[in-house]
Amino acid sequence: MVEPEDLIRFGLIPEFIGRLPVVATLEELDEKALIEILTKPKNALVKQYGKLFEYDDVILEFEEDALVSVAKEAIKRNTGARGLRAILEQAMLEVMYELPAKTGIKNAS
């Protein structure tokens, strides 16, 4: 039910509003939707990290609790799907740097 006048009152300039062919409202993503974004798409973050770990001959598996924690952190930070990469990178950074020197890790081969 948004009208162009509403967007002008919100602070958008009329020249920009005139270029919007469709205006749609969105709802916030819930925990389940964020987990699906992490795992389902062809280029999902979980799959990307799995591929990176394969280069070191390591199989990476994320437990459900870990995915839930990442989703909850995105909700807490109010960043939605855009914040998932930063949260996952922060969690995986130390592991990725220490992985080549670790022993006792199950190899993919």
# chains A, B, ... in the order shown; residues from 1 in each chain; ligands from 1
call {"tool": "residues_around", "arguments": {"residues": "range 70-81 of chain A", "least_positions_apart": "6", "cutoff": "10 Å", "atoms": "only C-alpha atoms", "output": "ChimeraX atom specification"}}
result
/A:28-38,87-88,91
call {"tool": "write_last_selection", "arguments": {"atoms": "all heavy atoms", "output": "compact mmCIF listing (two decimals), in the first residue's frame"}}
result
# COMPACT_ATOMS: atom_id res chain seq x y z
N GLU A 28 11.18 -9.34 7.61
CA GLU A 28 12.48 -9.79 8.09
C GLU A 28 12.58 -11.30 7.95
O GLU A 28 11.60 -12.03 8.08
CB GLU A 28 12.66 -9.40 9.56
CG GLU A 28 12.89 -7.93 9.77
CD GLU A 28 13.23 -7.61 11.20
OE1 GLU A 28 13.94 -8.42 11.85
OE2 GLU A 28 12.81 -6.56 11.67
N LEU A 29 13.78 -11.77 7.67
CA LEU A 29 14.03 -13.20 7.56
C LEU A 29 14.11 -13.81 8.96
O LEU A 29 14.70 -13.24 9.87
CB LEU A 29 15.35 -13.45 6.82
CG LEU A 29 15.38 -12.95 5.38
CD1 LEU A 29 16.79 -13.05 4.83
CD2 LEU A 29 14.42 -13.75 4.53
N ASP A 30 13.51 -14.98 9.10
CA ASP A 30 13.59 -15.67 10.39
C ASP A 30 14.77 -16.63 10.38
O ASP A 30 15.50 -16.76 9.40
CB ASP A 30 12.28 -16.39 10.71
CG ASP A 30 11.93 -17.48 9.71
OD1 ASP A 30 12.70 -17.72 8.78
OD2 ASP A 30 10.86 -18.09 9.88
N GLU A 31 14.97 -17.30 11.50
CA GLU A 31 16.10 -18.21 11.68
C GLU A 31 16.11 -19.31 10.61
O GLU A 31 17.16 -19.60 10.02
CB GLU A 31 16.00 -18.82 13.08
CG GLU A 31 17.17 -19.63 13.50
CD GLU A 31 16.99 -20.12 14.92
OE1 GLU A 31 16.92 -19.28 15.84
OE2 GLU A 31 16.91 -21.35 15.10
N LYS A 32 14.96 -19.88 10.34
CA LYS A 32 14.87 -20.96 9.36
C LYS A 32 15.29 -20.48 7.97
O LYS A 32 16.03 -21.15 7.25
CB LYS A 32 13.45 -21.52 9.33
CG LYS A 32 13.26 -22.66 8.36
CD LYS A 32 11.83 -23.15 8.36
CE LYS A 32 11.65 -24.22 7.28
NZ LYS A 32 10.27 -24.54 7.05
N ALA A 33 14.82 -19.30 7.58
CA ALA A 33 15.15 -18.74 6.26
C ALA A 33 16.65 -18.46 6.16
O ALA A 33 17.27 -18.72 5.12
CB ALA A 33 14.35 -17.47 6.01
N LEU A 34 17.26 -17.95 7.22
CA LEU A 34 18.69 -17.66 7.20
C LEU A 34 19.51 -18.95 7.07
O LEU A 34 20.51 -18.99 6.35
CB LEU A 34 19.09 -16.89 8.46
CG LEU A 34 18.57 -15.45 8.53
CD1 LEU A 34 18.81 -14.86 9.90
CD2 LEU A 34 19.19 -14.59 7.45
N ILE A 35 19.07 -20.01 7.75
CA ILE A 35 19.77 -21.30 7.64
C ILE A 35 19.65 -21.84 6.22
O ILE A 35 20.62 -22.38 5.67
CB ILE A 35 19.23 -22.30 8.69
CG1 ILE A 35 19.64 -21.84 10.09
CG2 ILE A 35 19.74 -23.72 8.42
CD1 ILE A 35 19.01 -22.62 11.22
N GLU A 36 18.50 -21.69 5.61
CA GLU A 36 18.33 -22.12 4.21
C GLU A 36 19.25 -21.33 3.28
O GLU A 36 19.82 -21.89 2.35
CB GLU A 36 16.88 -21.99 3.78
CG GLU A 36 15.99 -23.06 4.36
CD GLU A 36 14.57 -23.02 3.82
OE1 GLU A 36 14.34 -22.35 2.78
OE2 GLU A 36 13.71 -23.65 4.43
N ILE A 37 19.42 -20.06 3.54
CA ILE A 37 20.31 -19.23 2.73
C ILE A 37 21.75 -19.70 2.90
O ILE A 37 22.53 -19.70 1.94
CB ILE A 37 20.16 -17.74 3.10
CG1 ILE A 37 18.79 -17.23 2.64
CG2 ILE A 37 21.29 -16.89 2.52
CD1 ILE A 37 18.39 -15.89 3.17
N LEU A 38 22.10 -20.13 4.11
CA LEU A 38 23.45 -20.63 4.36
C LEU A 38 23.73 -21.96 3.66
O LEU A 38 24.87 -22.25 3.32
CB LEU A 38 23.67 -20.85 5.87
CG LEU A 38 23.98 -19.63 6.71
CD1 LEU A 38 23.90 -19.98 8.19
CD2 LEU A 38 25.35 -19.09 6.37
N ILE A 87 29.75 -13.00 9.68
CA ILE A 87 29.67 -13.81 10.89
C ILE A 87 30.41 -15.13 10.69
O ILE A 87 31.20 -15.55 11.55
CB ILE A 87 28.21 -14.06 11.29
CG1 ILE A 87 27.54 -12.72 11.67
CG2 ILE A 87 28.10 -15.07 12.41
CD1 ILE A 87 26.03 -12.78 11.74
N LEU A 88 30.20 -15.76 9.57
CA LEU A 88 30.85 -17.04 9.28
C LEU A 88 32.36 -16.86 9.11
O LEU A 88 33.15 -17.67 9.61
CB LEU A 88 30.24 -17.66 8.03
CG LEU A 88 30.29 -19.17 7.91
CD1 LEU A 88 29.76 -19.86 9.14
CD2 LEU A 88 29.51 -19.64 6.70
N ALA A 91 33.96 -16.57 12.48
CA ALA A 91 34.01 -17.84 13.18
C ALA A 91 35.05 -18.79 12.58
O ALA A 91 35.67 -19.58 13.29
CB ALA A 91 32.63 -18.51 13.14
call {"tool": "residues_around", "arguments": {"residues": "Met1 in chain A", "least_positions_apart": "5", "cutoff": "10 Å", "atoms": "only C-alpha atoms", "output": "list in words"}}
result
Asp6, Val23, Ala24 and Thr25 of chain A
call {"tool": "residues_around", "arguments": {"residues": "range 39-53 of chain A", "least_positions_apart": "6", "cutoff": "8 Å", "atoms": "only C-alpha atoms", "output": "MDAnalysis selection string"}}
result
chainID A and resid 59:62 85 96
call {"tool": "write_last_selection", "arguments": {"atoms": "N, CA, C and O atoms", "output": "CSV table (one decimal), in the first residue's frame"}}
result
chain,number,residue,atom,x,y,z
A,59,ILE,N,37.3,-32.6,4.8
A,59,ILE,CA,35.9,-32.5,4.7
A,59,ILE,C,35.3,-31.6,5.8
A,59,ILE,O,35.5,-31.9,7.0
A,60,LEU,N,34.6,-30.6,5.5
A,60,LEU,CA,34.1,-29.7,6.4
A,60,LEU,C,32.6,-30.0,6.6
A,60,LEU,O,31.9,-30.0,5.6
A,61,GLU,N,32.1,-30.2,7.8
A,61,GLU,CA,30.7,-30.4,8.1
A,61,GLU,C,30.3,-29.4,9.2
A,61,GLU,O,31.0,-29.3,10.2
A,62,PHE,N,29.2,-28.7,9.0
A,62,PHE,CA,28.6,-27.8,10.0
A,62,PHE,C,27.5,-28.6,10.7
A,62,PHE,O,26.6,-29.1,10.0
A,85,ARG,N,27.8,-13.8,5.9
A,85,ARG,CA,29.2,-14.0,5.4
A,85,ARG,C,30.2,-13.5,6.5
A,85,ARG,O,31.2,-14.1,6.9
A,96,MET,N,40.8,-21.7,9.6
A,96,MET,CA,41.4,-21.7,8.3
A,96,MET,C,42.9,-21.5,8.3
A,96,MET,O,43.6,-22.1,7.5
call {"tool": "closest_residue", "arguments": {"among": "A:Leu7, A:Met92, A:Ala86, A:Ile13", "to": "Ala66 in chain A", "atoms": "only C-alpha atoms"}}
result
A:Met92
call {"tool": "select_by_dssp", "arguments": {"residues": "chain A", "states": "alpha helix (DSSP H)", "output": "PyMOL selection string"}}
result
chain A and resi 4-10+14-17+31-39+45-54+64-77+84-98
call {"tool": "write_last_selection", "arguments": {"atoms": "C-alpha atoms", "output": "mmCIF file, in the first residue's frame"}}
result
data_model
loop_
_atom_site.group_PDB
_atom_site.id
_atom_site.type_symbol
_atom_site.label_atom_id
_atom_site.label_comp_id
_atom_site.auth_asym_id
_atom_site.auth_seq_id
_atom_site.Cartn_x
_atom_site.Cartn_y
_atom_site.Cartn_z
ATOM 1 C CA PRO A 4 5.326 7.450 -4.087
ATOM 2 C CA GLU A 5 4.445 10.258 -1.679
ATOM 3 C CA ASP A 6 5.253 7.949 1.247
ATOM 4 C CA LEU A 7 8.729 7.387 -0.126
ATOM 5 C CA ILE A 8 9.272 11.129 -0.553
ATOM 6 C CA ARG A 9 8.293 11.660 3.096
ATOM 7 C CA PHE A 10 10.738 8.892 4.006
ATOM 8 C CA PRO A 14 11.492 12.171 -6.576
ATOM 9 C CA GLU A 15 13.941 11.518 -9.448
ATOM 10 C CA PHE A 16 14.855 8.181 -7.863
ATOM 11 C CA ILE A 17 11.266 7.220 -7.042
ATOM 12 C CA GLU A 31 16.097 -18.212 11.678
ATOM 13 C CA LYS A 32 14.873 -20.964 9.358
ATOM 14 C CA ALA A 33 15.155 -18.743 6.263
ATOM 15 C CA LEU A 34 18.689 -17.664 7.202
ATOM 16 C CA ILE A 35 19.769 -21.297 7.641
ATOM 17 C CA GLU A 36 18.330 -22.120 4.214
ATOM 18 C CA ILE A 37 20.307 -19.227 2.732
ATOM 19 C CA LEU A 38 23.454 -20.634 4.362
ATOM 20 C CA THR A 39 22.915 -24.138 2.981
ATOM 21 C CA LEU A 45 28.283 -20.063 2.084
ATOM 22 C CA VAL A 46 28.473 -23.515 3.677
ATOM 23 C CA LYS A 47 29.241 -25.019 0.260
ATOM 24 C CA GLN A 48 31.855 -22.338 -0.442
ATOM 25 C CA TYR A 49 33.672 -23.064 2.806
ATOM 26 C CA GLY A 50 33.426 -26.787 2.131
ATOM 27 C CA LYS A 51 35.155 -26.252 -1.201
ATOM 28 C CA LEU A 52 37.897 -24.156 0.408
ATOM 29 C CA PHE A 53 38.597 -26.898 2.935
ATOM 30 C CA GLU A 54 38.704 -29.504 0.156
ATOM 31 C CA GLU A 64 22.868 -27.851 12.941
ATOM 32 C CA ASP A 65 23.645 -26.009 16.192
ATOM 33 C CA ALA A 66 26.437 -24.081 14.471
ATOM 34 C CA LEU A 67 24.122 -22.957 11.678
ATOM 35 C CA VAL A 68 21.482 -21.942 14.213
ATOM 36 C CA SER A 69 24.101 -19.904 16.092
ATOM 37 C CA VAL A 70 25.129 -18.079 12.913
ATOM 38 C CA ALA A 71 21.482 -17.335 12.079
ATOM 39 C CA LYS A 72 20.769 -16.118 15.616
ATOM 40 C CA GLU A 73 23.802 -13.836 15.501
ATOM 41 C CA ALA A 74 22.593 -12.324 12.210
ATOM 42 C CA ILE A 75 19.199 -11.686 13.804
ATOM 43 C CA LYS A 76 20.838 -10.213 16.910
ATOM 44 C CA ARG A 77 22.982 -7.883 14.787
ATOM 45 C CA LEU A 84 25.902 -14.088 7.283
ATOM 46 C CA ARG A 85 29.239 -13.986 5.441
ATOM 47 C CA ALA A 86 30.876 -11.674 7.991
ATOM 48 C CA ILE A 87 29.674 -13.813 10.892
ATOM 49 C CA LEU A 88 30.852 -17.040 9.280
ATOM 50 C CA GLU A 89 34.211 -15.518 8.305
ATOM 51 C CA GLN A 90 34.772 -14.366 11.866
ATOM 52 C CA ALA A 91 34.008 -17.844 13.181
ATOM 53 C CA MET A 92 36.132 -19.672 10.587
ATOM 54 C CA LEU A 93 39.152 -17.357 10.360
ATOM 55 C CA GLU A 94 41.281 -19.004 13.040
ATOM 56 C CA VAL A 95 40.407 -22.510 11.860
ATOM 57 C CA MET A 96 41.376 -21.698 8.286
ATOM 58 C CA TYR A 97 44.790 -20.327 9.285
ATOM 59 C CA GLU A 98 45.589 -23.170 11.661
#
